[in-house]
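Listing of entry.cif, mmCIF, C-alpha atoms
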data_entry
#
loop_
_atom_site.group_PDB
_atom_site.id
_atom_site.type_symbol
_atom_site.label_atom_id
_atom_site.label_comp_id
_atom_site.auth_asym_id
_atom_site.auth_seq_id
_atom_site.Cartn_x
_atom_site.Cartn_y
_atom_site.Cartn_z
ATOM 1 C CA MET A 11 84.448 -35.737 -61.835
ATOM 2 C CA THR A 12 81.372 -34.708 -59.840
ATOM 3 C CA GLN A 13 80.889 -38.217 -58.475
ATOM 4 C CA TRP A 14 84.543 -38.298 -57.387
ATOM 5 C CA LEU A 15 84.088 -34.982 -55.550
ATOM 6 C CA ILE A 16 80.994 -36.276 -53.792
ATOM 7 C CA ALA A 17 82.657 -39.555 -52.808
ATOM 8 C CA ASN A 18 85.812 -37.881 -51.503
ATOM 9 C CA GLU A 19 84.467 -34.702 -49.853
ATOM 10 C CA ALA A 20 84.624 -36.082 -46.312
ATOM 11 C CA GLY A 21 88.033 -37.689 -46.837
ATOM 12 C CA LEU A 22 89.538 -34.483 -48.228
ATOM 13 C CA LYS A 23 88.243 -32.480 -45.284
ATOM 14 C CA LEU A 24 89.568 -34.990 -42.767
ATOM 15 C CA ALA A 25 92.982 -35.042 -44.439
ATOM 16 C CA GLU A 26 93.068 -31.232 -44.394
ATOM 17 C CA VAL A 27 92.157 -31.067 -40.706
ATOM 18 C CA LEU A 28 94.710 -33.667 -39.629
ATOM 19 C CA GLY A 29 97.484 -32.196 -41.752
ATOM 20 C CA LEU A 30 96.885 -28.578 -40.761
ATOM 21 C CA LEU A 31 96.430 -29.397 -37.079
ATOM 22 C CA ALA A 32 99.739 -31.242 -37.016
ATOM 23 C CA LEU A 33 101.514 -28.409 -38.838
ATOM 24 C CA LEU A 34 99.986 -25.667 -36.698
ATOM 25 C CA TRP A 35 100.741 -27.561 -33.485
ATOM 26 C CA LEU A 36 104.406 -27.522 -34.461
ATOM 27 C CA LEU A 37 104.381 -23.879 -35.595
ATOM 28 C CA GLN A 38 102.607 -22.749 -32.428
ATOM 29 C CA ARG A 39 105.271 -24.394 -30.318
ATOM 30 C CA ARG A 40 108.028 -22.745 -32.347
ATOM 31 C CA TRP A 41 106.577 -19.222 -32.740
ATOM 32 C CA PRO A 42 103.814 -18.731 -30.147
ATOM 33 C CA LEU A 43 102.294 -15.353 -29.406
ATOM 34 C CA ARG A 44 100.422 -16.282 -26.210
ATOM 35 C CA GLY A 45 101.260 -19.935 -25.433
ATOM 36 C CA ASP A 46 97.600 -21.020 -25.429
ATOM 37 C CA GLY A 47 98.303 -23.998 -27.686
ATOM 38 C CA ASN A 48 100.284 -25.845 -25.014
ATOM 39 C CA ILE A 49 97.243 -26.859 -22.960
ATOM 40 C CA ALA A 50 96.501 -30.463 -23.961
ATOM 41 C CA ARG A 51 93.210 -30.498 -22.050
ATOM 42 C CA ARG A 52 91.786 -27.753 -24.292
ATOM 43 C CA TRP A 53 92.739 -29.700 -27.391
ATOM 44 C CA ARG A 54 91.052 -32.881 -26.150
ATOM 45 C CA THR A 55 87.870 -31.020 -25.245
ATOM 46 C CA ASN A 56 87.667 -28.989 -28.455
ATOM 47 C CA LEU A 57 88.376 -31.961 -30.708
ATOM 48 C CA SER A 58 85.839 -34.100 -28.843
ATOM 49 C CA LEU A 59 83.202 -31.413 -29.335
ATOM 50 C CA ILE A 60 83.727 -31.194 -33.100
ATOM 51 C CA ALA A 61 83.587 -34.996 -33.337
ATOM 52 C CA ILE A 62 80.147 -34.938 -31.675
ATOM 53 C CA SER A 63 79.015 -32.017 -33.843
ATOM 54 C CA THR A 64 80.169 -33.716 -37.051
ATOM 55 C CA LEU A 65 78.387 -36.951 -36.139
ATOM 56 C CA SER A 66 75.216 -34.985 -35.331
ATOM 57 C CA LEU A 67 75.409 -33.258 -38.704
ATOM 58 C CA ARG A 68 75.846 -36.536 -40.570
ATOM 59 C CA LEU A 69 72.851 -38.042 -38.793
ATOM 60 C CA ALA A 70 70.643 -35.008 -39.447
ATOM 61 C CA LEU A 71 71.834 -34.196 -42.988
ATOM 62 C CA PRO A 72 73.404 -37.272 -44.623
ATOM 63 C CA THR A 73 73.878 -35.383 -47.908
ATOM 64 C CA GLY A 74 77.005 -33.218 -48.016
ATOM 65 C CA ALA A 75 77.246 -29.743 -49.505
ATOM 66 C CA VAL A 76 78.961 -30.980 -52.681
ATOM 67 C CA ALA A 77 76.273 -33.606 -53.376
ATOM 68 C CA PHE A 78 73.590 -30.988 -52.779
ATOM 69 C CA ALA A 79 75.324 -28.593 -55.193
ATOM 70 C CA ALA A 80 75.414 -31.359 -57.815
ATOM 71 C CA TRP A 81 71.672 -31.867 -57.479
ATOM 72 C CA ILE A 82 71.053 -28.118 -57.790
ATOM 73 C CA GLN A 83 73.244 -27.987 -60.903
ATOM 74 C CA THR A 84 71.411 -30.916 -62.487
ATOM 75 C CA SER A 85 68.114 -29.168 -61.800
ATOM 76 C CA ALA A 86 69.456 -25.935 -63.365
ATOM 77 C CA LEU A 87 68.387 -23.957 -60.323
ATOM 78 C CA GLY A 88 70.089 -20.895 -58.901
ATOM 79 C CA PHE A 89 71.291 -17.500 -60.068
ATOM 80 C CA LEU A 90 74.637 -18.552 -61.538
ATOM 81 C CA ASN A 91 73.044 -21.339 -63.582
ATOM 82 C CA GLN A 92 71.106 -18.685 -65.490
ATOM 83 C CA LEU A 93 74.298 -16.931 -66.619
ATOM 84 C CA SER A 94 77.053 -17.840 -69.064
ATOM 85 C CA LEU A 95 80.152 -16.750 -67.182
ATOM 86 C CA GLY A 96 82.474 -19.630 -67.961
ATOM 87 C CA SER A 97 83.425 -22.227 -65.404
ATOM 88 C CA ALA A 98 86.423 -20.395 -63.889
ATOM 89 C CA LEU A 99 84.639 -17.054 -63.445
ATOM 90 C CA GLU A 100 81.499 -18.765 -62.182
ATOM 91 C CA ALA A 101 83.473 -20.744 -59.590
ATOM 92 C CA THR A 102 85.308 -17.610 -58.431
ATOM 93 C CA ALA A 103 82.049 -15.699 -58.104
ATOM 94 C CA ALA A 104 80.501 -18.556 -56.139
ATOM 95 C CA VAL A 105 83.417 -18.721 -53.689
ATOM 96 C CA VAL A 106 83.366 -14.947 -53.101
ATOM 97 C CA LEU A 107 79.573 -14.820 -52.699
ATOM 98 C CA LEU A 108 79.583 -17.799 -50.352
ATOM 99 C CA ASP A 109 82.150 -16.006 -48.204
ATOM 100 C CA LEU A 110 79.944 -12.908 -48.148
ATOM 101 C CA ALA A 111 76.944 -15.005 -47.116
ATOM 102 C CA ILE A 112 78.846 -16.697 -44.286
ATOM 103 C CA TYR A 113 80.028 -13.273 -43.076
ATOM 104 C CA TRP A 114 76.371 -12.282 -42.623
ATOM 105 C CA GLN A 115 75.578 -15.627 -41.047
ATOM 106 C CA HIS A 116 78.325 -14.973 -38.506
ATOM 107 C CA ARG A 117 76.842 -11.565 -37.719
ATOM 108 C CA ALA A 118 73.415 -13.164 -37.257
ATOM 109 C CA PHE A 119 74.843 -15.587 -34.680
ATOM 110 C CA HIS A 120 75.951 -12.555 -32.677
ATOM 111 C CA ARG A 121 72.785 -10.529 -33.236
ATOM 112 C CA PHE A 122 69.998 -12.976 -32.337
ATOM 113 C CA PRO A 123 69.907 -14.337 -28.754
ATOM 114 C CA LEU A 124 68.910 -17.903 -29.651
ATOM 115 C CA LEU A 125 71.710 -18.194 -32.198
ATOM 116 C CA TRP A 126 74.167 -16.556 -29.820
ATOM 117 C CA ARG A 127 73.477 -19.231 -27.206
ATOM 118 C CA ALA A 128 74.880 -21.821 -29.609
ATOM 119 C CA HIS A 129 77.709 -19.665 -30.975
ATOM 120 C CA ARG A 130 78.937 -18.525 -27.572
ATOM 121 C CA VAL A 131 80.313 -22.049 -26.995
ATOM 122 C CA HIS A 132 82.948 -21.121 -29.568
ATOM 123 C CA HIS A 133 83.613 -17.795 -27.832
ATOM 124 C CA SER A 134 83.793 -19.162 -24.292
ATOM 125 C CA ASP A 135 87.212 -20.783 -24.754
ATOM 126 C CA LEU A 136 89.754 -19.109 -22.468
ATOM 127 C CA GLY A 137 92.592 -19.637 -24.941
ATOM 128 C CA PHE A 138 93.229 -18.874 -28.583
ATOM 129 C CA ASP A 139 94.912 -21.482 -30.745
ATOM 130 C CA ALA A 140 94.217 -23.748 -33.722
ATOM 131 C CA SER A 141 91.981 -26.139 -31.769
ATOM 132 C CA LEU A 142 89.529 -23.264 -31.209
ATOM 133 C CA GLY A 143 88.913 -23.312 -34.969
ATOM 134 C CA LEU A 144 87.022 -26.585 -34.454
ATOM 135 C CA ARG A 145 85.136 -25.722 -31.265
ATOM 136 C CA PHE A 146 81.535 -25.571 -32.516
ATOM 137 C CA HIS A 147 78.393 -26.866 -30.823
ATOM 138 C CA PRO A 148 75.991 -29.155 -32.740
ATOM 139 C CA PHE A 149 73.325 -26.460 -32.371
ATOM 140 C CA GLU A 150 75.581 -24.117 -34.335
ATOM 141 C CA ILE A 151 76.773 -26.639 -36.907
ATOM 142 C CA LEU A 152 73.258 -27.719 -37.916
ATOM 143 C CA PRO A 153 71.691 -24.303 -38.677
ATOM 144 C CA SER A 154 74.955 -23.181 -40.262
ATOM 145 C CA MET A 155 74.825 -26.050 -42.735
ATOM 146 C CA ALA A 156 71.137 -25.457 -43.429
ATOM 147 C CA PHE A 157 71.883 -21.810 -44.224
ATOM 148 C CA LYS A 158 74.837 -22.774 -46.415
ATOM 149 C CA LEU A 159 72.701 -25.209 -48.402
ATOM 150 C CA ALA A 160 70.096 -22.490 -48.918
ATOM 151 C CA VAL A 161 72.794 -20.137 -50.237
ATOM 152 C CA ILE A 162 74.159 -22.858 -52.529
ATOM 153 C CA ALA A 163 70.646 -23.365 -53.912
ATOM 154 C CA ALA A 164 70.091 -19.638 -54.438
ATOM 155 C CA LEU A 165 73.437 -19.239 -56.187
ATOM 156 C CA GLY A 166 73.434 -22.479 -58.128
ATOM 157 C CA ALA A 167 77.093 -22.896 -57.145
ATOM 158 C CA ALA A 168 78.941 -25.649 -59.001
ATOM 159 C CA PRO A 169 80.089 -28.685 -56.970
ATOM 160 C CA ILE A 170 83.781 -27.871 -57.523
ATOM 161 C CA ALA A 171 83.232 -24.299 -56.290
ATOM 162 C CA VAL A 172 81.439 -25.578 -53.194
ATOM 163 C CA LEU A 173 84.250 -28.027 -52.433
ATOM 164 C CA VAL A 174 86.890 -25.327 -52.908
ATOM 165 C CA TYR A 175 85.004 -23.011 -50.553
ATOM 166 C CA GLU A 176 84.454 -25.744 -47.982
ATOM 167 C CA LEU A 177 88.161 -26.559 -47.941
ATOM 168 C CA LEU A 178 89.123 -22.872 -47.770
ATOM 169 C CA LEU A 179 86.647 -22.195 -44.973
ATOM 170 C CA LEU A 180 87.891 -25.158 -42.954
ATOM 171 C CA GLY A 181 91.527 -24.278 -43.533
ATOM 172 C CA PHE A 182 91.054 -20.629 -42.602
ATOM 173 C CA SER A 183 89.119 -21.599 -39.484
ATOM 174 C CA LEU A 184 92.235 -23.405 -38.263
ATOM 175 C CA LEU A 185 94.755 -20.869 -39.562
ATOM 176 C CA THR A 186 92.994 -17.750 -38.256
ATOM 177 C CA HIS A 187 92.736 -19.222 -34.753
ATOM 178 C CA ALA A 188 96.418 -20.207 -34.651
ATOM 179 C CA ASP A 189 98.580 -18.889 -31.812
ATOM 180 C CA LEU A 190 101.278 -17.564 -34.118
ATOM 181 C CA ALA A 191 103.489 -14.495 -33.827
ATOM 182 C CA LEU A 192 103.668 -13.361 -37.448
ATOM 183 C CA ARG A 193 106.178 -10.750 -38.539
ATOM 184 C CA PRO A 194 104.434 -7.343 -38.526
ATOM 185 C CA GLY A 195 105.172 -6.691 -42.187
ATOM 186 C CA TRP A 196 103.802 -10.058 -43.249
ATOM 187 C CA GLU A 197 100.752 -9.636 -41.063
ATOM 188 C CA ARG A 198 99.932 -6.194 -42.506
ATOM 189 C CA ALA A 199 100.295 -7.467 -46.068
ATOM 190 C CA LEU A 200 98.160 -10.552 -45.451
ATOM 191 C CA ARG A 201 95.354 -8.723 -43.637
ATOM 192 C CA SER A 202 94.917 -6.345 -46.548
ATOM 193 C CA VAL A 203 93.191 -9.256 -48.313
ATOM 194 C CA PHE A 204 92.734 -12.166 -45.907
ATOM 195 C CA VAL A 205 91.706 -12.708 -42.301
ATOM 196 C CA THR A 206 94.805 -13.312 -40.158
ATOM 197 C CA PRO A 207 95.194 -14.642 -36.595
ATOM 198 C CA ASP A 208 95.757 -11.105 -35.284
ATOM 199 C CA TRP A 209 92.688 -9.873 -37.153
ATOM 200 C CA HIS A 210 90.469 -12.638 -35.815
ATOM 201 C CA ARG A 211 91.899 -12.705 -32.293
ATOM 202 C CA VAL A 212 90.217 -9.349 -31.644
ATOM 203 C CA HIS A 213 86.894 -11.116 -32.236
ATOM 204 C CA HIS A 214 87.556 -13.373 -29.218
ATOM 205 C CA SER A 215 88.092 -10.550 -26.734
ATOM 206 C CA VAL A 216 85.984 -10.405 -23.563
ATOM 207 C CA LEU A 217 85.082 -6.805 -24.481
ATOM 208 C CA ARG A 218 81.707 -6.633 -26.220
ATOM 209 C CA ALA A 219 82.768 -3.967 -28.730
ATOM 210 C CA GLU A 220 85.651 -6.198 -29.833
ATOM 211 C CA THR A 221 83.667 -9.452 -29.753
ATOM 212 C CA ASP A 222 81.144 -7.894 -32.120
ATOM 213 C CA SER A 223 83.731 -7.073 -34.775
ATOM 214 C CA ASN A 224 85.958 -8.754 -37.364
ATOM 215 C CA TYR A 225 83.364 -11.300 -38.485
ATOM 216 C CA GLY A 226 85.145 -12.257 -41.736
ATOM 217 C CA ASN A 227 86.103 -15.868 -42.342
ATOM 218 C CA ILE A 228 88.413 -15.772 -45.356
ATOM 219 C CA LEU A 229 88.387 -12.280 -46.861
ATOM 220 C CA SER A 230 88.925 -9.230 -44.651
ATOM 221 C CA LEU A 231 87.104 -7.185 -47.297
ATOM 222 C CA TRP A 232 83.658 -7.638 -45.770
ATOM 223 C CA ASP A 233 84.550 -6.137 -42.395
ATOM 224 C CA ARG A 234 86.000 -3.125 -44.158
ATOM 225 C CA ILE A 235 82.966 -2.634 -46.405
ATOM 226 C CA PHE A 236 80.396 -3.049 -43.635
ATOM 227 C CA ARG A 237 82.441 -1.169 -41.011
ATOM 228 C CA THR A 238 82.786 -4.011 -38.520
ATOM 229 C CA HIS A 239 86.578 -3.824 -38.438
ATOM 230 C CA VAL A 240 88.566 -3.247 -35.240
ATOM 231 C CA ALA A 241 92.254 -3.029 -36.112
ATOM 232 C CA GLN A 242 93.806 -3.930 -32.744
ATOM 233 C CA PRO A 243 92.563 -5.056 -29.315
ATOM 234 C CA ARG A 244 92.532 -2.493 -26.526
ATOM 235 C CA ASP A 245 94.745 -4.604 -24.255
ATOM 236 C CA GLY A 246 97.204 -5.875 -26.869
ATOM 237 C CA HIS A 247 97.285 -9.334 -28.432
ATOM 238 C CA ALA A 248 99.516 -10.999 -25.837
ATOM 239 C CA ALA A 249 97.715 -9.653 -22.767
ATOM 240 C CA MET A 250 94.075 -9.433 -23.904
ATOM 241 C CA PRO A 251 91.665 -11.687 -21.970
ATOM 242 C CA ILE A 252 90.067 -14.289 -24.241
ATOM 243 C CA GLY A 253 86.587 -15.728 -23.765
ATOM 244 C CA LEU A 254 83.335 -14.675 -22.107
ATOM 245 C CA PRO A 255 82.903 -13.251 -18.604
ATOM 246 C CA GLU A 256 80.090 -15.670 -17.736
ATOM 247 C CA PHE A 257 81.860 -18.949 -18.567
ATOM 248 C CA ARG A 258 85.303 -18.755 -17.012
ATOM 249 C CA ASP A 259 84.943 -21.494 -14.392
ATOM 250 C CA ALA A 260 86.496 -24.934 -14.862
ATOM 251 C CA ARG A 261 83.111 -26.694 -15.108
ATOM 252 C CA SER A 262 82.133 -24.600 -18.119
ATOM 253 C CA GLN A 263 85.279 -25.683 -19.966
ATOM 254 C CA THR A 264 84.640 -29.440 -19.775
ATOM 255 C CA LEU A 265 83.054 -31.321 -22.678
ATOM 256 C CA VAL A 266 79.811 -31.733 -20.742
ATOM 257 C CA GLY A 267 79.959 -28.054 -19.813
ATOM 258 C CA LEU A 268 80.314 -27.050 -23.470
ATOM 259 C CA LEU A 269 77.393 -29.231 -24.523
ATOM 260 C CA CYS A 270 75.236 -27.671 -21.782
ATOM 261 C CA GLN A 271 76.271 -24.039 -22.342
ATOM 262 C CA PRO A 272 73.420 -23.156 -24.733
ATOM 263 C CA PHE A 273 70.949 -24.038 -21.967
ATOM 264 C CA ARG A 274 72.678 -22.096 -19.193
ATOM 265 C CA ASN A 275 72.307 -18.509 -18.051
ATOM 266 C CA GLY A 276 75.859 -17.825 -16.971
ATOM 267 C CA THR A 277 76.955 -15.022 -14.680
ATOM 268 C CA PRO A 278 80.318 -13.241 -14.815
ATOM 269 C CA THR A 279 82.963 -14.653 -12.499
ATOM 270 C CA SER A 280 84.812 -11.337 -12.308
ATOM 271 C CA THR A 281 83.493 -7.788 -12.352
ATOM 272 C CA SER A 282 86.773 -6.702 -13.927
ATOM 273 C CA LEU A 283 85.799 -8.487 -17.139
ATOM 274 C CA LEU A 284 83.547 -5.960 -18.782
ATOM 275 C CA ASP A 285 80.140 -6.303 -20.411
ATOM 276 C CA ASN A 286 77.824 -9.228 -20.115
ATOM 277 C CA SER A 287 75.127 -7.748 -22.311
ATOM 278 C CA HIS A 288 74.731 -10.686 -24.699
ATOM 279 C CA ALA A 289 71.506 -12.623 -24.205
#

Structure rendered as C-alpha cells:
Amino acid sequence: MTQWLIANEAGLKLAEVLGLLALLWLLQRRWPLRGDGNIARRWRTNLSLIAISTLSLRLALPTGAVAFAAWIQTSALGFLNQLSLGSALEATAAVVLLDLAIYWQHRAFHRFPLLWRAHRVHHSDLGFDASLGLRFHPFEILPSMAFKLAVIAALGAAPIAVLVYELLLLGFSLLTHADLALRPGWERALRSVFVTPDWHRVHHSVLRAETDSNYGNILSLWDRIFRTHVAQPRDGHAAMPIGLPEFRDARSQTLVGLLCQPFRNGTPTSTSLLDNSHA
C-alpha cells in the first residue's frame, strides 16, 4: 500500500488539480462574486508560475512528502510513532496537527521580511479566483516543503495521513480562492468549521490589517483560537481592492515580473491604497 501511495502521489495531485480547476472554472462562470476568473491572462501567468515552482521543487527535493513519511515510519521516529492510538485516530491527529503547523508557517511568511518577499508574489495578484490558489513562487514552495518535512518528521505522520493532508491542502487552496457567490446560510455554516472563499478573500485585501488575518488553510479553528480572524472586509467582498499597493502595474503581473518580485522594492502606485508597511 505504501509503495502504491509513493508511486502515485504526483499523479493523484495532478488529477485533483486538473479536475478541480475545470470544475471551478465552470462554477465561477455560473455563480461569480467578482468576475475575476474571466481574465485568461491571469490564468496563464499563474499556471505557468506553479509549473516552474513545481519543477524547481522536484529538482531540489526529488523525494515527495509521502516517501519521506514512509522513511520516518520505518525508522520509528516522531511523536505519533511512540503512541498506540490506532491507525484512524493517529491519521486524524496527524492531519489536524499538520494543519496547525501550516497555519503557523503562513503567519511566519507574513511576519519575517525575507519570507514575505517570496510570499507577497501570491498576494500581489489583482484578482481573486481559483488560479490564485496555485500562484506560488519557487522561493516560497521550497522552504514551505522543507518546513513540512520537518513537521512530518517530528510527528511521525503515517504516509496515508500525509497524502490525505496533501490532497486536502491542495484542494482547499483552489476552493478557498474560488470566485464563488455562496448562499449566505451555506457560507456561515461552512465557515464555522472550514475556511471558505469569503473567509480567505479578506486575507487578500490591500489593507494591512486584513492582509494579516485569516491565515487558516483548511480549518477556520486556528484563526479563532489565536485571534487572527477578521469576519468581513471593510469595503465588502465585491468591491474590496485585491492585491498589494506596490505591485499594481502591468509589468509586475507578467510571469517575468512575478519571478522577479522577491528581488524588487516596489512602491505604491496609488496613495489611495493604504499601508505599504510590509518589508

(message) Taking only C-alpha atoms into account, name the residue in A:Pro251, A:Gly45, A:Gly88, A:Pro148 that is nearest to A:Ala163.
(response) A:Gly88

(message) Could you list, as a ChimeraX atom specification, every residue within 9 Å of stretch 95-102 of chain A, counting only C-alpha atoms and ignoring same-chain residues fewer than 6 positions away?
(response) /A:167-168,170-172,174

(request) Show which residues sit within 12 Å of A:Leu34, as a PyMOL selection string. Count all atoms listed in the file, and ignore same-chain residues fewer than 5 positions away. (result) chain A and resi 26-29+39-42+47-48+139-141+143+181-190

Do you have, as a Markdown table, the list of residues of stretch 162-200 of chain A lying at most 12 Å from stretch 112-129 of chain A, each with its nearest atom pair and that distance in Å to one decimal, counting all atoms listed in the file and ordered by chain then number?
| residue | atom | partner | partner_atom | distance |
| --- | --- | --- | --- | --- |
| A:Ile162 | CA | A:Ile112 | CA | 11.3 |
| A:Tyr175 | CA | A:Ile112 | CA | 10.8 |
| A:Glu176 | CA | A:Ile112 | CA | 11.3 |
| A:Leu179 | CA | A:Ile112 | CA | 9.6 |

(message) Could you list, as number ranges by chain, every residue within 10 Å of A:Ile151, counting all atoms listed in the file and ignoring same-chain residues fewer than 3 positions away?
(response) A: 60, 63-64, 66-67, 128-129, 146-148, 154-156

(request) Quick one: pull the distance between atom CA of A:Phe157 and atom CA of A:Ser223, Å, one decimal. (result) 21.1 Å

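Checking A:Ser134, A:Ala86, A:Arg218, A:Arg237 one by one against A:Leu165, counting all atoms listed in the file, you find the shortest gap at A:Ala86.
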
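The interatomic distance for the pair atom CA of A:Cys270 and atom CA of A:Gln38 works out to 29.8 Å.
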
(message) Taking the file as I've supplied it (selection: the PyMOL selection byres ((chain A and resi 202) around 12)), which residues are included? Please answer as a VMD selection string.
(response) chain A and resid 195 to 201 203 to 206 209 228 to 234 239 241

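Residue nearest A:Thr238 within the list A:Ile252, A:Leu178, A:Leu159, A:Ala219: A:Ala219 [criterion: smallest interatomic distance, all atoms listed in the file].
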
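In this structure, atom CA of A:Leu15 sits 22.2 Å away from atom CA of A:Ala61.
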
(message) Calculated over all atoms listed in the file, which of the candidates A:Leu37, A:Ala164, A:Leu144, A:Val266 has the smallest distance to A:Ala104?
(response) A:Ala164

(message) Please return as an MDAnalysis selection string every residue within 7 Å of (89.6, -24.3, -22.4), taking into account only C-alpha atoms and the file's own coordinates.
(response) chainID A and resid 52 135:137 263

Would you mind exporting C-alpha atoms of the selected residues as a CSV table (one decimal), keeping the file's coordinate frame?
chain,number,residue,atom,x,y,z
A,52,ARG,CA,91.8,-27.8,-24.3
A,135,ASP,CA,87.2,-20.8,-24.8
A,136,LEU,CA,89.8,-19.1,-22.5
A,137,GLY,CA,92.6,-19.6,-24.9
A,263,GLN,CA,85.3,-25.7,-20.0
